[in-house]
Structure formats: C-alpha cells, structure tokens
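Just work.cif here, mmCIF, N, CA and C atoms:
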data_model
#
loop_
_atom_site.label_atom_id
_atom_site.label_comp_id
_atom_site.auth_asym_id
_atom_site.auth_seq_id
_atom_site.Cartn_x
_atom_site.Cartn_y
_atom_site.Cartn_z
N MET Z 112 6.45 -33.53 25.96
CA MET Z 112 7.07 -34.09 24.78
C MET Z 112 6.53 -33.45 23.50
N ILE Z 113 5.22 -33.26 23.46
CA ILE Z 113 4.60 -32.64 22.29
C ILE Z 113 5.08 -31.20 22.16
N LYS Z 114 5.25 -30.52 23.28
CA LYS Z 114 5.73 -29.15 23.27
C LYS Z 114 7.14 -29.07 22.65
N LYS Z 115 8.03 -30.00 23.05
CA LYS Z 115 9.39 -30.03 22.50
C LYS Z 115 9.37 -30.32 21.00
N LEU Z 116 8.50 -31.23 20.60
CA LEU Z 116 8.38 -31.57 19.18
C LEU Z 116 7.88 -30.37 18.38
N LEU Z 117 6.95 -29.65 18.93
CA LEU Z 117 6.40 -28.46 18.28
C LEU Z 117 7.48 -27.38 18.14
N ILE Z 118 8.26 -27.16 19.19
CA ILE Z 118 9.33 -26.17 19.15
C ILE Z 118 10.37 -26.59 18.11
N PHE Z 119 10.75 -27.86 18.11
CA PHE Z 119 11.72 -28.36 17.14
C PHE Z 119 11.21 -28.18 15.72
N SER Z 120 9.94 -28.46 15.50
CA SER Z 120 9.34 -28.31 14.16
C SER Z 120 9.38 -26.85 13.71
N CYS Z 121 9.07 -25.95 14.61
CA CYS Z 121 9.10 -24.52 14.28
C CYS Z 121 10.52 -24.07 13.93
N LEU Z 122 11.50 -24.54 14.69
CA LEU Z 122 12.89 -24.20 14.40
C LEU Z 122 13.32 -24.75 13.04
N LEU Z 123 12.91 -25.95 12.76
CA LEU Z 123 13.24 -26.58 11.49
C LEU Z 123 12.64 -25.82 10.32
N ILE Z 124 11.40 -25.41 10.45
CA ILE Z 124 10.72 -24.66 9.40
C ILE Z 124 11.37 -23.30 9.20
N SER Z 125 11.69 -22.60 10.31
CA SER Z 125 12.30 -21.27 10.18
C SER Z 125 13.70 -21.37 9.58
N THR Z 126 14.45 -22.43 9.93
CA THR Z 126 15.78 -22.64 9.35
C THR Z 126 15.65 -22.88 7.85
N HIS Z 127 14.71 -23.70 7.44
CA HIS Z 127 14.48 -23.96 6.02
C HIS Z 127 14.12 -22.67 5.30
N PHE Z 128 13.27 -21.83 5.92
CA PHE Z 128 12.86 -20.57 5.33
C PHE Z 128 14.07 -19.65 5.13
N CYS Z 129 14.97 -19.59 6.13
CA CYS Z 129 16.16 -18.75 6.03
C CYS Z 129 17.08 -19.21 4.90
N PHE Z 130 17.27 -20.53 4.79
CA PHE Z 130 18.10 -21.05 3.71
C PHE Z 130 17.47 -20.77 2.35
N ALA Z 131 16.15 -20.87 2.27
CA ALA Z 131 15.46 -20.59 1.01
C ALA Z 131 15.62 -19.13 0.63
N GLN Z 132 15.49 -18.23 1.60
CA GLN Z 132 15.66 -16.79 1.34
C GLN Z 132 17.09 -16.51 0.86
N LYS Z 133 18.07 -17.11 1.52
CA LYS Z 133 19.47 -16.91 1.14
C LYS Z 133 19.69 -17.39 -0.29
N ALA Z 134 19.14 -18.53 -0.63
CA ALA Z 134 19.28 -19.07 -1.98
C ALA Z 134 18.65 -18.13 -3.01
N GLU Z 135 17.52 -17.53 -2.67
CA GLU Z 135 16.85 -16.58 -3.58
C GLU Z 135 17.73 -15.36 -3.82
N VAL Z 136 18.34 -14.85 -2.75
CA VAL Z 136 19.21 -13.68 -2.87
C VAL Z 136 20.44 -14.03 -3.72
N GLU Z 137 21.03 -15.18 -3.44
CA GLU Z 137 22.20 -15.60 -4.22
C GLU Z 137 21.85 -15.77 -5.69
N GLU Z 138 20.66 -16.26 -5.98
CA GLU Z 138 20.21 -16.40 -7.37
C GLU Z 138 20.04 -15.02 -8.02
N ALA Z 139 19.53 -14.05 -7.26
CA ALA Z 139 19.39 -12.68 -7.79
C ALA Z 139 20.77 -12.09 -8.10
N VAL Z 140 21.75 -12.34 -7.23
CA VAL Z 140 23.12 -11.86 -7.47
C VAL Z 140 23.67 -12.50 -8.74
N ASN Z 141 23.48 -13.80 -8.89
CA ASN Z 141 23.96 -14.50 -10.10
C ASN Z 141 23.30 -13.96 -11.36
N LYS Z 142 22.02 -13.70 -11.27
CA LYS Z 142 21.29 -13.17 -12.43
C LYS Z 142 21.80 -11.77 -12.79
N LEU Z 143 22.00 -10.93 -11.77
CA LEU Z 143 22.53 -9.59 -12.03
C LEU Z 143 23.91 -9.67 -12.67
N THR Z 144 24.75 -10.56 -12.15
CA THR Z 144 26.11 -10.72 -12.68
C THR Z 144 26.06 -11.11 -14.16
N LYS Z 145 25.20 -12.05 -14.50
CA LYS Z 145 25.06 -12.46 -15.90
C LYS Z 145 24.56 -11.30 -16.76
N LEU Z 146 23.63 -10.51 -16.22
CA LEU Z 146 23.09 -9.38 -16.98
C LEU Z 146 24.11 -8.26 -17.15
N MET Z 147 25.08 -8.17 -16.24
CA MET Z 147 26.13 -7.17 -16.40
C MET Z 147 27.10 -7.56 -17.51
N VAL Z 148 27.24 -8.86 -17.74
CA VAL Z 148 28.10 -9.34 -18.83
C VAL Z 148 27.34 -9.31 -20.16
N THR Z 149 26.09 -9.72 -20.12
CA THR Z 149 25.24 -9.74 -21.32
C THR Z 149 23.96 -8.96 -21.00
N PRO Z 150 24.01 -7.64 -21.13
CA PRO Z 150 22.89 -6.80 -20.71
C PRO Z 150 21.61 -7.04 -21.53
N ASP Z 151 20.50 -7.04 -20.83
CA ASP Z 151 19.17 -7.14 -21.42
C ASP Z 151 18.33 -6.06 -20.74
N SER Z 152 17.90 -5.10 -21.51
CA SER Z 152 17.20 -3.93 -20.99
C SER Z 152 15.99 -4.29 -20.12
N ALA Z 153 15.12 -5.14 -20.63
CA ALA Z 153 13.89 -5.49 -19.90
C ALA Z 153 14.20 -6.26 -18.61
N ALA Z 154 15.14 -7.19 -18.68
CA ALA Z 154 15.49 -7.99 -17.49
C ALA Z 154 16.15 -7.10 -16.43
N LEU Z 155 17.04 -6.22 -16.84
CA LEU Z 155 17.68 -5.30 -15.89
C LEU Z 155 16.66 -4.37 -15.26
N ASP Z 156 15.78 -3.83 -16.09
CA ASP Z 156 14.75 -2.92 -15.59
C ASP Z 156 13.88 -3.60 -14.54
N LYS Z 157 13.60 -4.87 -14.74
CA LYS Z 157 12.74 -5.62 -13.82
C LYS Z 157 13.42 -5.90 -12.48
N MET Z 158 14.73 -6.06 -12.46
CA MET Z 158 15.38 -6.46 -11.22
C MET Z 158 16.03 -5.30 -10.45
N VAL Z 159 15.97 -4.09 -11.00
CA VAL Z 159 16.56 -2.93 -10.35
C VAL Z 159 15.45 -1.94 -9.98
N LEU Z 160 15.45 -1.50 -8.73
CA LEU Z 160 14.42 -0.55 -8.30
C LEU Z 160 14.69 0.85 -8.85
N ASN Z 161 13.63 1.63 -8.97
CA ASN Z 161 13.72 2.97 -9.55
C ASN Z 161 14.64 3.91 -8.76
N HIS Z 162 14.76 3.71 -7.45
CA HIS Z 162 15.57 4.60 -6.62
C HIS Z 162 16.98 4.04 -6.39
N LEU Z 163 17.48 3.27 -7.35
CA LEU Z 163 18.81 2.67 -7.23
C LEU Z 163 19.88 3.74 -6.99
N SER Z 164 20.79 3.42 -6.08
CA SER Z 164 22.00 4.21 -5.87
C SER Z 164 23.16 3.27 -6.16
N TYR Z 165 23.85 3.49 -7.28
CA TYR Z 165 24.89 2.59 -7.76
C TYR Z 165 26.23 3.30 -7.65
N GLY Z 166 27.00 2.96 -6.63
CA GLY Z 166 28.26 3.64 -6.36
C GLY Z 166 29.46 2.89 -6.92
N HIS Z 167 30.32 3.63 -7.59
CA HIS Z 167 31.55 3.09 -8.17
C HIS Z 167 32.72 3.35 -7.23
N SER Z 168 33.80 2.60 -7.41
CA SER Z 168 34.98 2.76 -6.57
C SER Z 168 35.66 4.12 -6.79
N SER Z 169 35.35 4.77 -7.90
CA SER Z 169 35.90 6.09 -8.20
C SER Z 169 35.17 7.20 -7.45
N GLY Z 170 34.04 6.86 -6.84
CA GLY Z 170 33.22 7.86 -6.16
C GLY Z 170 32.01 8.27 -6.97
N LYS Z 171 31.97 7.89 -8.23
CA LYS Z 171 30.83 8.21 -9.10
C LYS Z 171 29.59 7.46 -8.62
N ILE Z 172 28.46 8.15 -8.57
CA ILE Z 172 27.18 7.56 -8.18
C ILE Z 172 26.23 7.65 -9.37
N GLN Z 173 25.58 6.52 -9.68
CA GLN Z 173 24.64 6.50 -10.79
C GLN Z 173 23.22 6.19 -10.31
N THR Z 174 22.27 6.74 -11.04
CA THR Z 174 20.86 6.41 -10.85
C THR Z 174 20.57 5.12 -11.63
N LYS Z 175 19.37 4.63 -11.52
CA LYS Z 175 18.98 3.45 -12.29
C LYS Z 175 19.17 3.70 -13.78
N GLN Z 176 18.68 4.83 -14.25
CA GLN Z 176 18.74 5.13 -15.68
C GLN Z 176 20.20 5.22 -16.15
N GLU Z 177 21.05 5.84 -15.36
CA GLU Z 177 22.46 5.98 -15.73
C GLU Z 177 23.16 4.62 -15.72
N PHE Z 178 22.85 3.79 -14.73
CA PHE Z 178 23.43 2.45 -14.64
C PHE Z 178 23.03 1.61 -15.86
N LEU Z 179 21.74 1.60 -16.16
CA LEU Z 179 21.26 0.84 -17.32
C LEU Z 179 21.89 1.35 -18.61
N HIS Z 180 21.94 2.65 -18.77
CA HIS Z 180 22.52 3.24 -19.99
C HIS Z 180 23.99 2.84 -20.14
N SER Z 181 24.75 2.88 -19.04
CA SER Z 181 26.18 2.57 -19.14
C SER Z 181 26.40 1.11 -19.56
N LEU Z 182 25.56 0.20 -19.07
CA LEU Z 182 25.69 -1.20 -19.48
C LEU Z 182 25.22 -1.43 -20.91
N LEU Z 183 24.06 -0.86 -21.24
CA LEU Z 183 23.46 -1.11 -22.56
C LEU Z 183 24.23 -0.42 -23.69
N SER Z 184 24.90 0.69 -23.39
CA SER Z 184 25.64 1.43 -24.43
C SER Z 184 27.06 0.90 -24.62
N GLY Z 185 27.53 0.08 -23.69
CA GLY Z 185 28.90 -0.42 -23.77
C GLY Z 185 29.90 0.49 -23.09
N GLU Z 186 29.41 1.61 -22.53
CA GLU Z 186 30.29 2.50 -21.79
C GLU Z 186 30.95 1.73 -20.63
N SER Z 187 30.15 0.89 -19.99
CA SER Z 187 30.64 -0.02 -18.96
C SER Z 187 30.44 -1.43 -19.52
N ASP Z 188 31.52 -2.05 -19.92
CA ASP Z 188 31.44 -3.33 -20.63
C ASP Z 188 32.21 -4.41 -19.87
N PHE Z 189 31.47 -5.29 -19.22
CA PHE Z 189 32.07 -6.41 -18.51
C PHE Z 189 32.17 -7.60 -19.47
N VAL Z 190 33.38 -8.10 -19.65
CA VAL Z 190 33.62 -9.26 -20.51
C VAL Z 190 33.43 -10.54 -19.70
N ASP Z 191 33.88 -10.52 -18.45
CA ASP Z 191 33.79 -11.68 -17.57
C ASP Z 191 33.81 -11.19 -16.13
N ILE Z 192 32.97 -11.80 -15.28
CA ILE Z 192 32.92 -11.44 -13.86
C ILE Z 192 33.02 -12.71 -13.04
N ASN Z 193 33.90 -12.68 -12.04
CA ASN Z 193 34.04 -13.78 -11.10
C ASN Z 193 33.87 -13.22 -9.69
N LEU Z 194 32.92 -13.79 -8.94
CA LEU Z 194 32.67 -13.35 -7.57
C LEU Z 194 33.22 -14.36 -6.59
N THR Z 195 33.87 -13.87 -5.53
CA THR Z 195 34.40 -14.75 -4.49
C THR Z 195 34.08 -14.17 -3.11
N ASP Z 196 34.28 -14.99 -2.09
CA ASP Z 196 34.13 -14.56 -0.69
C ASP Z 196 32.78 -13.91 -0.42
N GLN Z 197 31.72 -14.48 -0.94
CA GLN Z 197 30.40 -13.88 -0.79
C GLN Z 197 29.77 -14.22 0.56
N SER Z 198 29.15 -13.20 1.17
CA SER Z 198 28.37 -13.40 2.39
C SER Z 198 27.03 -12.72 2.20
N VAL Z 199 26.01 -13.31 2.80
CA VAL Z 199 24.64 -12.78 2.68
C VAL Z 199 24.05 -12.64 4.08
N ILE Z 200 23.51 -11.46 4.36
CA ILE Z 200 22.79 -11.21 5.61
C ILE Z 200 21.39 -10.75 5.25
N ILE Z 201 20.39 -11.42 5.82
CA ILE Z 201 19.00 -11.05 5.53
C ILE Z 201 18.33 -10.60 6.82
N GLN Z 202 17.69 -9.43 6.74
CA GLN Z 202 16.93 -8.88 7.86
C GLN Z 202 15.58 -8.44 7.32
N ASN Z 203 14.56 -9.21 7.66
CA ASN Z 203 13.21 -8.94 7.17
C ASN Z 203 13.19 -8.94 5.64
N LYS Z 204 12.93 -7.78 5.02
CA LYS Z 204 12.84 -7.71 3.56
C LYS Z 204 14.05 -7.03 2.93
N THR Z 205 15.16 -7.02 3.67
CA THR Z 205 16.39 -6.41 3.18
C THR Z 205 17.51 -7.43 3.24
N ALA Z 206 18.33 -7.47 2.20
CA ALA Z 206 19.48 -8.37 2.18
C ALA Z 206 20.73 -7.56 1.84
N LEU Z 207 21.79 -7.82 2.60
CA LEU Z 207 23.09 -7.23 2.33
C LEU Z 207 24.00 -8.33 1.80
N VAL Z 208 24.61 -8.08 0.67
CA VAL Z 208 25.51 -9.07 0.06
C VAL Z 208 26.87 -8.41 -0.11
N ARG Z 209 27.90 -9.06 0.41
CA ARG Z 209 29.27 -8.60 0.21
C ARG Z 209 30.03 -9.68 -0.55
N HIS Z 210 30.86 -9.25 -1.49
CA HIS Z 210 31.73 -10.18 -2.19
C HIS Z 210 32.89 -9.41 -2.81
N THR Z 211 33.84 -10.18 -3.33
CA THR Z 211 34.95 -9.60 -4.09
C THR Z 211 34.65 -9.87 -5.56
N LEU Z 212 34.72 -8.82 -6.35
CA LEU Z 212 34.46 -8.91 -7.78
C LEU Z 212 35.80 -8.81 -8.52
N ASN Z 213 36.08 -9.83 -9.31
CA ASN Z 213 37.23 -9.83 -10.23
C ASN Z 213 36.63 -9.84 -11.63
N ALA Z 214 36.99 -8.85 -12.43
CA ALA Z 214 36.37 -8.77 -13.76
C ALA Z 214 37.35 -8.32 -14.83
N LYS Z 215 37.08 -8.84 -16.02
CA LYS Z 215 37.73 -8.34 -17.23
C LYS Z 215 36.75 -7.35 -17.84
N THR Z 216 37.25 -6.20 -18.21
CA THR Z 216 36.38 -5.17 -18.76
C THR Z 216 36.87 -4.75 -20.15
N ASN Z 217 36.00 -4.03 -20.85
CA ASN Z 217 36.34 -3.46 -22.15
C ASN Z 217 35.60 -2.13 -22.29
N ASP Z 218 35.71 -1.31 -21.23
CA ASP Z 218 35.00 -0.03 -21.20
C ASP Z 218 35.49 0.89 -22.32
N LYS Z 219 34.54 1.35 -23.13
CA LYS Z 219 34.84 2.23 -24.27
C LYS Z 219 35.95 1.63 -25.13
N ASN Z 220 35.90 0.30 -25.32
CA ASN Z 220 36.87 -0.45 -26.12
C ASN Z 220 38.30 -0.41 -25.57
N VAL Z 221 38.44 -0.21 -24.27
CA VAL Z 221 39.75 -0.24 -23.62
C VAL Z 221 39.77 -1.42 -22.66
N PRO Z 222 40.52 -2.50 -22.99
CA PRO Z 222 40.58 -3.68 -22.13
C PRO Z 222 41.18 -3.34 -20.76
N GLY Z 223 40.63 -4.00 -19.73
CA GLY Z 223 41.13 -3.77 -18.39
C GLY Z 223 40.73 -4.89 -17.44
N ASN Z 224 41.24 -4.82 -16.23
CA ASN Z 224 40.89 -5.75 -15.16
C ASN Z 224 40.58 -4.94 -13.92
N VAL Z 225 39.58 -5.38 -13.18
CA VAL Z 225 39.25 -4.73 -11.92
C VAL Z 225 39.10 -5.77 -10.82
N LYS Z 226 39.47 -5.37 -9.62
CA LYS Z 226 39.25 -6.19 -8.43
C LYS Z 226 38.69 -5.25 -7.39
N LEU Z 227 37.43 -5.52 -7.00
CA LEU Z 227 36.71 -4.62 -6.11
C LEU Z 227 36.01 -5.38 -5.00
N TYR Z 228 35.88 -4.73 -3.85
CA TYR Z 228 34.97 -5.21 -2.82
C TYR Z 228 33.62 -4.56 -3.12
N ILE Z 229 32.56 -5.37 -3.08
CA ILE Z 229 31.22 -4.89 -3.43
C ILE Z 229 30.26 -5.11 -2.27
N LEU Z 230 29.40 -4.13 -2.05
CA LEU Z 230 28.26 -4.27 -1.16
C LEU Z 230 27.01 -4.05 -1.99
N LEU Z 231 26.14 -5.06 -2.04
CA LEU Z 231 24.85 -4.95 -2.73
C LEU Z 231 23.75 -4.91 -1.69
N ILE Z 232 22.75 -4.07 -1.91
CA ILE Z 232 21.60 -3.99 -1.03
C ILE Z 232 20.37 -4.37 -1.84
N TRP Z 233 19.68 -5.41 -1.36
CA TRP Z 233 18.51 -5.94 -2.05
C TRP Z 233 17.27 -5.72 -1.19
N SER Z 234 16.14 -5.49 -1.84
CA SER Z 234 14.86 -5.33 -1.16
C SER Z 234 13.88 -6.36 -1.71
N LYS Z 235 13.17 -7.03 -0.81
CA LYS Z 235 12.18 -8.03 -1.24
C LYS Z 235 10.90 -7.29 -1.62
N GLU Z 236 10.53 -7.39 -2.88
CA GLU Z 236 9.33 -6.75 -3.42
C GLU Z 236 8.41 -7.86 -3.93
N LYS Z 237 7.32 -8.07 -3.24
CA LYS Z 237 6.43 -9.20 -3.51
C LYS Z 237 7.24 -10.48 -3.40
N SER Z 238 7.46 -11.22 -4.48
CA SER Z 238 8.20 -12.47 -4.36
C SER Z 238 9.62 -12.38 -4.94
N ASP Z 239 10.04 -11.18 -5.35
CA ASP Z 239 11.36 -11.03 -6.00
C ASP Z 239 12.28 -10.12 -5.19
N TRP Z 240 13.57 -10.41 -5.27
CA TRP Z 240 14.59 -9.54 -4.69
C TRP Z 240 15.02 -8.54 -5.75
N LYS Z 241 14.99 -7.25 -5.39
CA LYS Z 241 15.32 -6.16 -6.32
C LYS Z 241 16.50 -5.37 -5.78
N LEU Z 242 17.39 -4.97 -6.66
CA LEU Z 242 18.56 -4.20 -6.26
C LEU Z 242 18.18 -2.75 -6.00
N ILE Z 243 18.57 -2.24 -4.83
CA ILE Z 243 18.31 -0.83 -4.50
C ILE Z 243 19.61 -0.07 -4.25
N GLY Z 244 20.70 -0.79 -3.95
CA GLY Z 244 21.96 -0.10 -3.70
C GLY Z 244 23.16 -0.97 -4.00
N ARG Z 245 24.23 -0.30 -4.39
CA ARG Z 245 25.50 -0.98 -4.66
C ARG Z 245 26.62 0.00 -4.39
N GLN Z 246 27.66 -0.47 -3.70
CA GLN Z 246 28.84 0.36 -3.48
C GLN Z 246 30.08 -0.48 -3.71
N ALA Z 247 30.99 0.04 -4.49
CA ALA Z 247 32.26 -0.63 -4.77
C ALA Z 247 33.40 0.12 -4.11
N VAL Z 248 34.40 -0.65 -3.65
CA VAL Z 248 35.61 -0.09 -3.06
C VAL Z 248 36.78 -0.83 -3.66
N LYS Z 249 37.83 -0.09 -4.04
CA LYS Z 249 39.02 -0.74 -4.60
C LYS Z 249 39.68 -1.60 -3.54
N VAL Z 250 40.13 -2.78 -3.95
CA VAL Z 250 40.87 -3.67 -3.06
C VAL Z 250 42.26 -3.07 -2.87
N PRO Z 251 42.68 -2.86 -1.61
CA PRO Z 251 44.00 -2.24 -1.40
C PRO Z 251 45.14 -3.11 -1.89
#
Can you dump the structure from the file as structure tokens?
Amino acid sequence: MIKKLLIFSCLLISTHFCFAQKAEVEEAVNKLTKLMVTPDSAALDKMVLNHLSYGHSSGKIQTKQEFLHSLLSGESDFVDINLTDQSVIIQNKTALVRHTLNAKTNDKNVPGNVKLYILLIWSKEKSDWKLIGRQAVKVP
C-alpha cells in the first residue's frame, strides 16, 4: 500500500511539474508577443538568445541583432497580435510552441494584415525560457 501511495505521489508531483513548465513557456510566449507590439530593447535582449535564428514566411532569416533592430526601428511594426491554436511540447530543456499568428502590421508605415503558422523554439536557461528559433509559414 505504501509503495502504491509513493508511486501515486511521484506521478502527481511530476504532473504538477509538467504543467508548471508549460505555464512558464506560455508566459514567455505572451511576453514575447507583447514585446513585439511594444518593443523594449532591454527586455527583448534578455529573452532572446545570442544565436537566434528568426525565419520569416518570405524565406528571410534574421540574427538576434537583425530581429531586434527590425522591431526597434519600426521596420517590422506589429500593431496587434492574436495567437490561436497554440500547442506546447517540452522535452528536457527545450520547448516547441506552434500557433497561428493573426496580426495587424504597419511595416515601414504601410498597414497590413498577416496570418501565419509559427514554430517557436525555446531553451531553458537557468530559470528562464529564452527564444532560440522561430519559423513562420504562410497559411495556405
């Protein structure tokens, strides 16, 4: 009986840990989304790893510096972002997040709308989730 109780307790703790990790990743996604609408240089720098590979649906790939510059300069200007159909998979210290991004943009003062499928790759660094990869694909 004690053995069954111990096994049940371990399962309960590991389930709680998984839900906590998922919530942390989802919070990182929400924070990144807010920072893409209202960019803050220091906050973005803190949550994005130096070896970022940021892929656009056009095929353009940006480094961390290029990604930050495009947001901070207004070259890439998100007015509003809505994420739907999000899924999170966590394996050790890596998280894969997929969602559909619907956004109003104002890139180079040209209003527009985008609908993209996004894959975000997060890495757990100490106690924080940091973005290391992103790939966008146009919704057919």
>> Would you compute the distance between atom CA of Leu163 of chain Z and atom CA of Val208 of chain Z? Give it in Å to one decimal.
In response: 15.4 Å
> Got a sec to resolve the PyMOL selection byres ((chain Z and resi 232) around 6.5) on this structure and send the residues as a PyMOL selection string?
Replying inline: chain Z and resi 206-208+230-231+233-234+241-246
Expansion of the PyMOL selection byres ((chain Z and resi 182-190) around 8) into residues, as a PDB file with N, CA and C atoms, in the frame of the given file:
ATOM      1  N   LEU Z 146      23.630 -10.510 -16.220  1.00  0.00           N
ATOM      2  CA  LEU Z 146      23.090  -9.380 -16.980  1.00  0.00           C
ATOM      3  C   LEU Z 146      24.110  -8.260 -17.150  1.00  0.00           C
ATOM      4  N   MET Z 147      25.080  -8.170 -16.240  1.00  0.00           N
ATOM      5  CA  MET Z 147      26.130  -7.170 -16.400  1.00  0.00           C
ATOM      6  C   MET Z 147      27.100  -7.560 -17.510  1.00  0.00           C
ATOM      7  N   VAL Z 148      27.240  -8.860 -17.740  1.00  0.00           N
ATOM      8  CA  VAL Z 148      28.100  -9.340 -18.830  1.00  0.00           C
ATOM      9  C   VAL Z 148      27.340  -9.310 -20.160  1.00  0.00           C
ATOM     10  N   THR Z 149      26.090  -9.720 -20.120  1.00  0.00           N
ATOM     11  CA  THR Z 149      25.240  -9.740 -21.320  1.00  0.00           C
ATOM     12  C   THR Z 149      23.960  -8.960 -21.000  1.00  0.00           C
ATOM     13  N   PRO Z 150      24.010  -7.640 -21.130  1.00  0.00           N
ATOM     14  CA  PRO Z 150      22.890  -6.800 -20.710  1.00  0.00           C
ATOM     15  C   PRO Z 150      21.610  -7.040 -21.530  1.00  0.00           C
ATOM     16  N   ASP Z 151      20.500  -7.040 -20.830  1.00  0.00           N
ATOM     17  CA  ASP Z 151      19.170  -7.140 -21.420  1.00  0.00           C
ATOM     18  C   ASP Z 151      18.330  -6.060 -20.740  1.00  0.00           C
ATOM     19  N   SER Z 152      17.900  -5.100 -21.510  1.00  0.00           N
ATOM     20  CA  SER Z 152      17.200  -3.930 -20.990  1.00  0.00           C
ATOM     21  C   SER Z 152      15.990  -4.290 -20.120  1.00  0.00           C
ATOM     22  N   GLN Z 176      18.680   4.830 -14.250  1.00  0.00           N
ATOM     23  CA  GLN Z 176      18.740   5.130 -15.680  1.00  0.00           C
ATOM     24  C   GLN Z 176      20.200   5.220 -16.150  1.00  0.00           C
ATOM     25  N   GLU Z 177      21.050   5.840 -15.360  1.00  0.00           N
ATOM     26  CA  GLU Z 177      22.460   5.980 -15.730  1.00  0.00           C
ATOM     27  C   GLU Z 177      23.160   4.620 -15.720  1.00  0.00           C
ATOM     28  N   PHE Z 178      22.850   3.790 -14.730  1.00  0.00           N
ATOM     29  CA  PHE Z 178      23.430   2.450 -14.640  1.00  0.00           C
ATOM     30  C   PHE Z 178      23.030   1.610 -15.860  1.00  0.00           C
ATOM     31  N   LEU Z 179      21.740   1.600 -16.160  1.00  0.00           N
ATOM     32  CA  LEU Z 179      21.260   0.840 -17.320  1.00  0.00           C
ATOM     33  C   LEU Z 179      21.890   1.350 -18.610  1.00  0.00           C
ATOM     34  N   HIS Z 180      21.940   2.650 -18.770  1.00  0.00           N
ATOM     35  CA  HIS Z 180      22.520   3.240 -19.990  1.00  0.00           C
ATOM     36  C   HIS Z 180      23.990   2.840 -20.140  1.00  0.00           C
ATOM     37  N   SER Z 181      24.750   2.880 -19.040  1.00  0.00           N
ATOM     38  CA  SER Z 181      26.180   2.570 -19.140  1.00  0.00           C
ATOM     39  C   SER Z 181      26.400   1.110 -19.560  1.00  0.00           C
ATOM     40  N   ASP Z 191      33.880 -10.520 -18.450  1.00  0.00           N
ATOM     41  CA  ASP Z 191      33.790 -11.680 -17.570  1.00  0.00           C
ATOM     42  C   ASP Z 191      33.810 -11.190 -16.130  1.00  0.00           C
ATOM     43  N   ILE Z 192      32.970 -11.800 -15.280  1.00  0.00           N
ATOM     44  CA  ILE Z 192      32.920 -11.440 -13.860  1.00  0.00           C
ATOM     45  C   ILE Z 192      33.020 -12.710 -13.040  1.00  0.00           C
ATOM     46  N   ASN Z 193      33.900 -12.680 -12.040  1.00  0.00           N
ATOM     47  CA  ASN Z 193      34.040 -13.780 -11.100  1.00  0.00           C
ATOM     48  C   ASN Z 193      33.870 -13.220  -9.690  1.00  0.00           C
ATOM     49  N   ALA Z 214      36.990  -8.850 -12.430  1.00  0.00           N
ATOM     50  CA  ALA Z 214      36.370  -8.770 -13.760  1.00  0.00           C
ATOM     51  C   ALA Z 214      37.350  -8.320 -14.830  1.00  0.00           C
ATOM     52  N   LYS Z 215      37.080  -8.840 -16.020  1.00  0.00           N
ATOM     53  CA  LYS Z 215      37.730  -8.340 -17.230  1.00  0.00           C
ATOM     54  C   LYS Z 215      36.750  -7.350 -17.840  1.00  0.00           C
ATOM     55  N   THR Z 216      37.250  -6.200 -18.210  1.00  0.00           N
ATOM     56  CA  THR Z 216      36.380  -5.170 -18.760  1.00  0.00           C
ATOM     57  C   THR Z 216      36.870  -4.750 -20.150  1.00  0.00           C
ATOM     58  N   ASN Z 217      36.000  -4.030 -20.850  1.00  0.00           N
ATOM     59  CA  ASN Z 217      36.340  -3.460 -22.150  1.00  0.00           C
ATOM     60  C   ASN Z 217      35.600  -2.130 -22.290  1.00  0.00           C
ATOM     61  N   ASP Z 218      35.710  -1.310 -21.230  1.00  0.00           N
ATOM     62  CA  ASP Z 218      35.000  -0.030 -21.200  1.00  0.00           C
ATOM     63  C   ASP Z 218      35.490   0.890 -22.320  1.00  0.00           C
ATOM     64  N   LYS Z 219      34.540   1.350 -23.130  1.00  0.00           N
ATOM     65  CA  LYS Z 219      34.840   2.230 -24.270  1.00  0.00           C
ATOM     66  C   LYS Z 219      35.950   1.630 -25.130  1.00  0.00           C
ATOM     67  N   ASN Z 220      35.900   0.300 -25.320  1.00  0.00           N
ATOM     68  CA  ASN Z 220      36.870  -0.450 -26.120  1.00  0.00           C
ATOM     69  C   ASN Z 220      38.300  -0.410 -25.570  1.00  0.00           C
TER      70      ASN Z 220
END
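Interatomic distance, atom N of Lys237 of chain Z against atom N of Gln197 of chain Z: 25.3 Å.
You will find atom CA of Lys249 of chain Z at 14.3 Å from atom CA of Gly223 of chain Z.
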>> List the spatial neighbours of Asp239 of chain Z as a PyMOL selection string - criterion: any atom at most 10 Å away, only C-alpha atoms, same-chain residues fewer than 3 positions off excluded.
In response: chain Z and resi 135-136+139+157-158+233-236+242
> When DSSP works through the backbone of this structure, what residues of chain Z end up as helix (DSSP H, G or I), shown as a PyMOL selection string?
Replying inline: chain Z and resi 113-148+152-158+175-184
>> Could you list, as a list in words, every residue within 8 Å of Pro251 of chain Z, counting only N, CA and C atoms and ignoring same-chain residues fewer than 3 positions away?
In response: Lys226, Leu227, Tyr228 and Val248 of chain Z
>> Using DSSP assignments from the backbone, pull out every residue in chain Z that falls under strand (DSSP E or B) and give it to me as a VMD selection string.
In response: chain Z and resid 159 to 166 172 to 173 189 to 202 205 to 218 221 to 236 239 to 249
>> Under the PyMOL selection byres (((chain Z and resi 166 and name CA) around 9) and name CA), which residues of this model are included? Write them out as number ranges by chain.
In response: Z: 164-165, 167-173, 244-248
